[in-house]
>>> print(open('entry23.cif').read())   # mmCIF, N, CA, C and O atoms
data_upload
loop_
_atom_site.label_atom_id
_atom_site.label_comp_id
_atom_site.auth_asym_id
_atom_site.auth_seq_id
_atom_site.Cartn_x
_atom_site.Cartn_y
_atom_site.Cartn_z
N MET A 1 -16.28 -10.45 7.02
CA MET A 1 -15.13 -11.09 6.41
C MET A 1 -14.62 -10.23 5.26
O MET A 1 -15.39 -9.78 4.42
N PRO A 2 -13.29 -9.98 5.19
CA PRO A 2 -12.75 -9.15 4.12
C PRO A 2 -12.96 -9.80 2.75
O PRO A 2 -12.97 -11.02 2.61
N THR A 3 -13.13 -8.94 1.76
CA THR A 3 -13.28 -9.44 0.40
C THR A 3 -11.92 -9.52 -0.27
O THR A 3 -10.94 -8.96 0.20
N THR A 4 -11.87 -10.21 -1.39
CA THR A 4 -10.62 -10.31 -2.16
C THR A 4 -10.68 -9.43 -3.39
O THR A 4 -9.89 -9.59 -4.30
N ALA A 5 -11.62 -8.50 -3.43
CA ALA A 5 -11.76 -7.60 -4.58
C ALA A 5 -10.54 -6.70 -4.69
O ALA A 5 -9.91 -6.34 -3.70
N ILE A 6 -10.23 -6.34 -5.92
CA ILE A 6 -9.14 -5.40 -6.16
C ILE A 6 -9.63 -4.01 -5.78
O ILE A 6 -10.68 -3.56 -6.24
N GLN A 7 -8.87 -3.32 -4.96
CA GLN A 7 -9.25 -2.01 -4.46
C GLN A 7 -8.70 -0.90 -5.35
O GLN A 7 -7.59 -1.01 -5.86
N ASP A 8 -9.47 0.16 -5.48
CA ASP A 8 -8.97 1.35 -6.19
C ASP A 8 -8.90 2.56 -5.26
O ASP A 8 -8.68 3.68 -5.69
N MET A 9 -9.09 2.30 -3.96
CA MET A 9 -8.96 3.37 -2.97
C MET A 9 -7.65 3.19 -2.21
O MET A 9 -7.29 2.07 -1.83
N ALA A 10 -6.95 4.29 -2.01
CA ALA A 10 -5.68 4.24 -1.28
C ALA A 10 -5.92 4.12 0.21
O ALA A 10 -6.97 4.52 0.72
N GLY A 11 -4.94 3.58 0.89
CA GLY A 11 -4.97 3.54 2.35
C GLY A 11 -4.52 4.88 2.90
O GLY A 11 -3.96 5.71 2.20
N ALA A 12 -4.75 5.08 4.19
CA ALA A 12 -4.32 6.30 4.86
C ALA A 12 -3.29 5.94 5.92
O ALA A 12 -3.50 5.03 6.72
N ALA A 13 -2.17 6.63 5.91
CA ALA A 13 -1.11 6.38 6.88
C ALA A 13 -0.98 7.56 7.83
O ALA A 13 -1.04 8.72 7.42
N THR A 14 -0.83 7.24 9.12
CA THR A 14 -0.61 8.25 10.14
C THR A 14 0.48 7.76 11.08
O THR A 14 0.77 6.56 11.14
N ALA A 15 1.10 8.69 11.78
CA ALA A 15 2.13 8.35 12.76
C ALA A 15 1.71 8.86 14.12
O ALA A 15 1.18 9.97 14.25
N GLU A 16 1.95 8.03 15.13
CA GLU A 16 1.62 8.42 16.49
C GLU A 16 2.50 7.64 17.45
O GLU A 16 2.64 6.42 17.32
N GLU A 17 3.11 8.36 18.36
CA GLU A 17 3.95 7.76 19.40
C GLU A 17 5.02 6.83 18.83
O GLU A 17 5.29 5.75 19.36
N GLY A 18 5.58 7.21 17.68
CA GLY A 18 6.71 6.49 17.12
C GLY A 18 6.38 5.29 16.26
O GLY A 18 7.28 4.56 15.85
N VAL A 19 5.11 5.06 15.98
CA VAL A 19 4.73 3.97 15.09
C VAL A 19 3.84 4.50 13.98
O VAL A 19 3.25 5.58 14.09
N VAL A 20 3.73 3.74 12.91
CA VAL A 20 2.93 4.13 11.75
C VAL A 20 1.71 3.22 11.69
O VAL A 20 1.82 2.00 11.82
N PHE A 21 0.57 3.84 11.49
CA PHE A 21 -0.69 3.13 11.33
C PHE A 21 -1.13 3.24 9.88
O PHE A 21 -1.16 4.35 9.33
N LEU A 22 -1.45 2.12 9.27
CA LEU A 22 -1.96 2.12 7.91
C LEU A 22 -3.38 1.57 7.94
O LEU A 22 -3.60 0.42 8.37
N ASP A 23 -4.33 2.40 7.54
CA ASP A 23 -5.74 1.99 7.46
C ASP A 23 -6.11 1.92 6.00
O ASP A 23 -5.98 2.90 5.26
N GLY A 24 -6.57 0.76 5.58
CA GLY A 24 -6.93 0.57 4.18
C GLY A 24 -8.39 0.22 4.01
O GLY A 24 -9.14 0.15 4.99
N PRO A 25 -8.77 -0.03 2.78
CA PRO A 25 -10.16 -0.40 2.49
C PRO A 25 -10.53 -1.73 3.16
O PRO A 25 -9.68 -2.55 3.48
N ASP A 26 -11.81 -1.94 3.35
CA ASP A 26 -12.35 -3.19 3.90
C ASP A 26 -11.81 -3.51 5.28
O ASP A 26 -11.64 -4.67 5.65
N GLY A 27 -11.48 -2.49 6.05
CA GLY A 27 -11.07 -2.71 7.42
C GLY A 27 -9.64 -3.16 7.61
O GLY A 27 -9.26 -3.57 8.71
N VAL A 28 -8.82 -3.09 6.57
CA VAL A 28 -7.42 -3.45 6.71
C VAL A 28 -6.74 -2.45 7.64
O VAL A 28 -6.90 -1.24 7.47
N ALA A 29 -6.03 -2.94 8.63
CA ALA A 29 -5.32 -2.06 9.56
C ALA A 29 -4.01 -2.73 9.95
O ALA A 29 -4.00 -3.90 10.33
N VAL A 30 -2.92 -1.98 9.83
CA VAL A 30 -1.59 -2.50 10.14
C VAL A 30 -0.85 -1.44 10.95
O VAL A 30 -0.92 -0.26 10.64
N THR A 31 -0.13 -1.88 11.96
CA THR A 31 0.74 -1.00 12.74
C THR A 31 2.17 -1.45 12.51
O THR A 31 2.47 -2.64 12.65
N MET A 32 3.05 -0.50 12.14
CA MET A 32 4.43 -0.84 11.78
C MET A 32 5.41 0.12 12.42
O MET A 32 5.06 1.25 12.74
N THR A 33 6.63 -0.36 12.56
CA THR A 33 7.72 0.54 12.93
C THR A 33 7.96 1.49 11.76
O THR A 33 7.54 1.23 10.63
N ALA A 34 8.68 2.56 12.02
CA ALA A 34 9.01 3.51 10.96
C ALA A 34 9.82 2.82 9.86
O ALA A 34 9.58 3.05 8.67
N ASP A 35 10.77 1.96 10.25
CA ASP A 35 11.58 1.26 9.24
C ASP A 35 10.73 0.33 8.38
O ASP A 35 10.88 0.28 7.16
N ALA A 36 9.82 -0.40 9.01
CA ALA A 36 8.95 -1.31 8.26
C ALA A 36 8.02 -0.53 7.33
O ALA A 36 7.79 -0.93 6.19
N ALA A 37 7.50 0.59 7.79
CA ALA A 37 6.62 1.42 6.97
C ALA A 37 7.38 1.98 5.76
O ALA A 37 6.86 1.98 4.64
N GLU A 38 8.60 2.43 5.99
CA GLU A 38 9.40 2.96 4.88
C GLU A 38 9.69 1.89 3.85
O GLU A 38 9.55 2.11 2.64
N ALA A 39 10.09 0.71 4.30
CA ALA A 39 10.38 -0.39 3.37
C ALA A 39 9.11 -0.81 2.62
O ALA A 39 9.15 -1.08 1.41
N THR A 40 7.99 -0.83 3.32
CA THR A 40 6.72 -1.18 2.67
C THR A 40 6.36 -0.15 1.62
O THR A 40 5.93 -0.50 0.51
N GLY A 41 6.53 1.11 1.93
CA GLY A 41 6.25 2.17 0.96
C GLY A 41 7.09 2.05 -0.29
O GLY A 41 6.58 2.17 -1.41
N ARG A 42 8.36 1.79 -0.12
CA ARG A 42 9.24 1.62 -1.28
C ARG A 42 8.84 0.41 -2.11
O ARG A 42 8.83 0.46 -3.34
N ALA A 43 8.51 -0.70 -1.43
CA ALA A 43 8.08 -1.90 -2.13
C ALA A 43 6.78 -1.67 -2.89
O ALA A 43 6.60 -2.15 -4.02
N LEU A 44 5.87 -0.91 -2.30
CA LEU A 44 4.61 -0.59 -2.98
C LEU A 44 4.84 0.25 -4.23
O LEU A 44 4.22 0.02 -5.27
N VAL A 45 5.73 1.23 -4.16
CA VAL A 45 6.03 2.07 -5.32
C VAL A 45 6.64 1.22 -6.44
O VAL A 45 6.25 1.34 -7.61
N ARG A 46 7.58 0.35 -6.08
CA ARG A 46 8.18 -0.54 -7.10
C ARG A 46 7.13 -1.42 -7.75
O ARG A 46 7.07 -1.57 -8.97
N ALA A 47 6.27 -2.02 -6.93
CA ALA A 47 5.23 -2.91 -7.46
C ALA A 47 4.23 -2.14 -8.32
O ALA A 47 3.77 -2.65 -9.35
N ALA A 48 3.89 -0.92 -7.93
CA ALA A 48 2.98 -0.11 -8.73
C ALA A 48 3.59 0.21 -10.09
O ALA A 48 2.89 0.15 -11.12
N ASP A 49 4.86 0.53 -10.13
CA ASP A 49 5.54 0.78 -11.40
C ASP A 49 5.51 -0.46 -12.29
O ASP A 49 5.25 -0.38 -13.49
N GLN A 50 5.76 -1.62 -11.70
CA GLN A 50 5.73 -2.87 -12.46
C GLN A 50 4.33 -3.15 -12.98
O GLN A 50 4.15 -3.54 -14.14
N ALA A 51 3.32 -2.96 -12.14
CA ALA A 51 1.94 -3.21 -12.55
C ALA A 51 1.54 -2.30 -13.70
O ALA A 51 0.88 -2.74 -14.65
N ARG A 52 1.93 -1.03 -13.63
CA ARG A 52 1.60 -0.11 -14.72
C ARG A 52 2.25 -0.55 -16.03
O ARG A 52 1.63 -0.48 -17.09
N SER A 53 3.49 -1.01 -15.96
CA SER A 53 4.17 -1.43 -17.20
C SER A 53 3.55 -2.70 -17.76
O SER A 53 3.60 -2.94 -18.96
N GLN A 54 2.95 -3.51 -16.92
CA GLN A 54 2.31 -4.75 -17.38
C GLN A 54 0.99 -4.48 -18.07
O GLN A 54 0.51 -5.29 -18.87
N THR A 55 0.37 -3.36 -17.77
CA THR A 55 -0.93 -3.03 -18.37
C THR A 55 -0.85 -1.90 -19.37
O THR A 55 -1.87 -1.48 -19.91
N ALA A 56 0.36 -1.39 -19.61
CA ALA A 56 0.51 -0.29 -20.56
C ALA A 56 0.16 -0.74 -21.97
O ALA A 56 0.49 -1.85 -22.40
N GLU A 57 -0.55 0.13 -22.68
CA GLU A 57 -0.90 -0.18 -24.06
C GLU A 57 0.31 0.05 -24.95
O GLU A 57 1.04 1.00 -24.77
N PRO A 58 0.53 -0.86 -25.91
CA PRO A 58 1.68 -0.69 -26.83
C PRO A 58 1.51 0.55 -27.71
O PRO A 58 0.38 0.96 -28.00
N ASP A 59 2.63 1.13 -28.10
CA ASP A 59 2.60 2.32 -28.95
C ASP A 59 2.17 2.00 -30.36
O ASP A 59 2.34 1.03 -30.92
#
>>> encode(input="entry23.cif", output="structure tokens")
Amino acid sequence: MPTTAIQDMAGAATAEEGVVFLDGPDGVAVTMTADAAEATGRALVRAADQARSQTAEPD
């Protein structure tokens, strides 16, 4: 059973036969169209930026 722990390891993305495979920690595996993978990547970058700003130490 997958855990709900916060991961610090990145997933690995590969492309084969026109689809994108994302393999992540704890057995996470997702197959997406190229459009879905691109949108997911952009959403992840936005969320990562937000998360960093939420934990940034004040000057």
>>> axis_aligned_box(input="entry23.cif", around="range 3-7 of chain A", padding_each_side="5 Å", output="lines of an AutoDock Vina configuration file")
center_x = -10.4
center_y = -5.6
center_z = -2.2
size_x = 15.7
size_y = 19.4
size_z = 18.0
>>> select_by_dssp(input="entry23.cif", residues="chain A", states="strand (DSSP E)", output="list in words")
Ala12, Ala13, Thr14, Ala15, Glu16, Val19, Val20, Phe21, Leu22, Asp23, Ala29, Val30, Thr31 and Met32 of chain A
>>> write_last_selection(input="entry23.cif", atoms="N, CA, C and O atoms", output="PDB file, in the coordinates of the input")
ATOM      1  N   ALA A  12      -4.750   5.080   4.190  1.00  0.00           N
ATOM      2  CA  ALA A  12      -4.320   6.300   4.860  1.00  0.00           C
ATOM      3  C   ALA A  12      -3.290   5.940   5.920  1.00  0.00           C
ATOM      4  O   ALA A  12      -3.500   5.030   6.720  1.00  0.00           O
ATOM      5  N   ALA A  13      -2.170   6.630   5.910  1.00  0.00           N
ATOM      6  CA  ALA A  13      -1.110   6.380   6.880  1.00  0.00           C
ATOM      7  C   ALA A  13      -0.980   7.560   7.830  1.00  0.00           C
ATOM      8  O   ALA A  13      -1.040   8.720   7.420  1.00  0.00           O
ATOM      9  N   THR A  14      -0.830   7.240   9.120  1.00  0.00           N
ATOM     10  CA  THR A  14      -0.610   8.250  10.140  1.00  0.00           C
ATOM     11  C   THR A  14       0.480   7.760  11.080  1.00  0.00           C
ATOM     12  O   THR A  14       0.770   6.560  11.140  1.00  0.00           O
ATOM     13  N   ALA A  15       1.100   8.690  11.780  1.00  0.00           N
ATOM     14  CA  ALA A  15       2.130   8.350  12.760  1.00  0.00           C
ATOM     15  C   ALA A  15       1.710   8.860  14.120  1.00  0.00           C
ATOM     16  O   ALA A  15       1.180   9.970  14.250  1.00  0.00           O
ATOM     17  N   GLU A  16       1.950   8.030  15.130  1.00  0.00           N
ATOM     18  CA  GLU A  16       1.620   8.420  16.490  1.00  0.00           C
ATOM     19  C   GLU A  16       2.500   7.640  17.450  1.00  0.00           C
ATOM     20  O   GLU A  16       2.640   6.420  17.320  1.00  0.00           O
ATOM     21  N   VAL A  19       5.110   5.060  15.980  1.00  0.00           N
ATOM     22  CA  VAL A  19       4.730   3.970  15.090  1.00  0.00           C
ATOM     23  C   VAL A  19       3.840   4.500  13.980  1.00  0.00           C
ATOM     24  O   VAL A  19       3.250   5.580  14.090  1.00  0.00           O
ATOM     25  N   VAL A  20       3.730   3.740  12.910  1.00  0.00           N
ATOM     26  CA  VAL A  20       2.930   4.130  11.750  1.00  0.00           C
ATOM     27  C   VAL A  20       1.710   3.220  11.690  1.00  0.00           C
ATOM     28  O   VAL A  20       1.820   2.000  11.820  1.00  0.00           O
ATOM     29  N   PHE A  21       0.570   3.840  11.490  1.00  0.00           N
ATOM     30  CA  PHE A  21      -0.690   3.130  11.330  1.00  0.00           C
ATOM     31  C   PHE A  21      -1.130   3.240   9.880  1.00  0.00           C
ATOM     32  O   PHE A  21      -1.160   4.350   9.330  1.00  0.00           O
ATOM     33  N   LEU A  22      -1.450   2.120   9.270  1.00  0.00           N
ATOM     34  CA  LEU A  22      -1.960   2.120   7.910  1.00  0.00           C
ATOM     35  C   LEU A  22      -3.380   1.570   7.940  1.00  0.00           C
ATOM     36  O   LEU A  22      -3.600   0.420   8.370  1.00  0.00           O
ATOM     37  N   ASP A  23      -4.330   2.400   7.540  1.00  0.00           N
ATOM     38  CA  ASP A  23      -5.740   1.990   7.460  1.00  0.00           C
ATOM     39  C   ASP A  23      -6.110   1.920   6.000  1.00  0.00           C
ATOM     40  O   ASP A  23      -5.980   2.900   5.260  1.00  0.00           O
ATOM     41  N   ALA A  29      -6.030  -2.940   8.630  1.00  0.00           N
ATOM     42  CA  ALA A  29      -5.320  -2.060   9.560  1.00  0.00           C
ATOM     43  C   ALA A  29      -4.010  -2.730   9.950  1.00  0.00           C
ATOM     44  O   ALA A  29      -4.000  -3.900  10.330  1.00  0.00           O
ATOM     45  N   VAL A  30      -2.920  -1.980   9.830  1.00  0.00           N
ATOM     46  CA  VAL A  30      -1.590  -2.500  10.140  1.00  0.00           C
ATOM     47  C   VAL A  30      -0.850  -1.440  10.950  1.00  0.00           C
ATOM     48  O   VAL A  30      -0.920  -0.260  10.640  1.00  0.00           O
ATOM     49  N   THR A  31      -0.130  -1.880  11.960  1.00  0.00           N
ATOM     50  CA  THR A  31       0.740  -1.000  12.740  1.00  0.00           C
ATOM     51  C   THR A  31       2.170  -1.450  12.510  1.00  0.00           C
ATOM     52  O   THR A  31       2.470  -2.640  12.650  1.00  0.00           O
ATOM     53  N   MET A  32       3.050  -0.500  12.140  1.00  0.00           N
ATOM     54  CA  MET A  32       4.430  -0.840  11.780  1.00  0.00           C
ATOM     55  C   MET A  32       5.410   0.120  12.420  1.00  0.00           C
ATOM     56  O   MET A  32       5.060   1.250  12.740  1.00  0.00           O
TER      57      MET A  32
END
>>> resolve_selection(input="entry23.cif", expression="the PyMOL selection byres ((chain A and resi 32) around 5)", output="list in words")
Val19, Val20, Val30, Thr31, Thr33 and Ala34 of chain A
>>> residues_near_point(input="entry23.cif", point="(-4.3, 0.9, 3.4)", cutoff="8 Å", atoms="all atoms listed in the file", output="JSON, numbers by chain")
{"A": [9, 10, 11, 12, 13, 21, 22, 23, 24, 25, 27, 28, 29, 30]}
>>> atom_distance(input="entry23.cif", atom1="CA of Ala5 in chain A", atom2="atom C of Gly41 in chain A")
21.6 Å
>>> atom_distance(input="entry23.cif", atom1="atom C of Thr40 in chain A", atom2="atom O of Glu57 in chain A")
26.9 Å
>>> atom_distance(input="entry23.cif", atom1="atom O of Arg46 in chain A", atom2="atom O of Ile6 in chain A")
18.1 Å
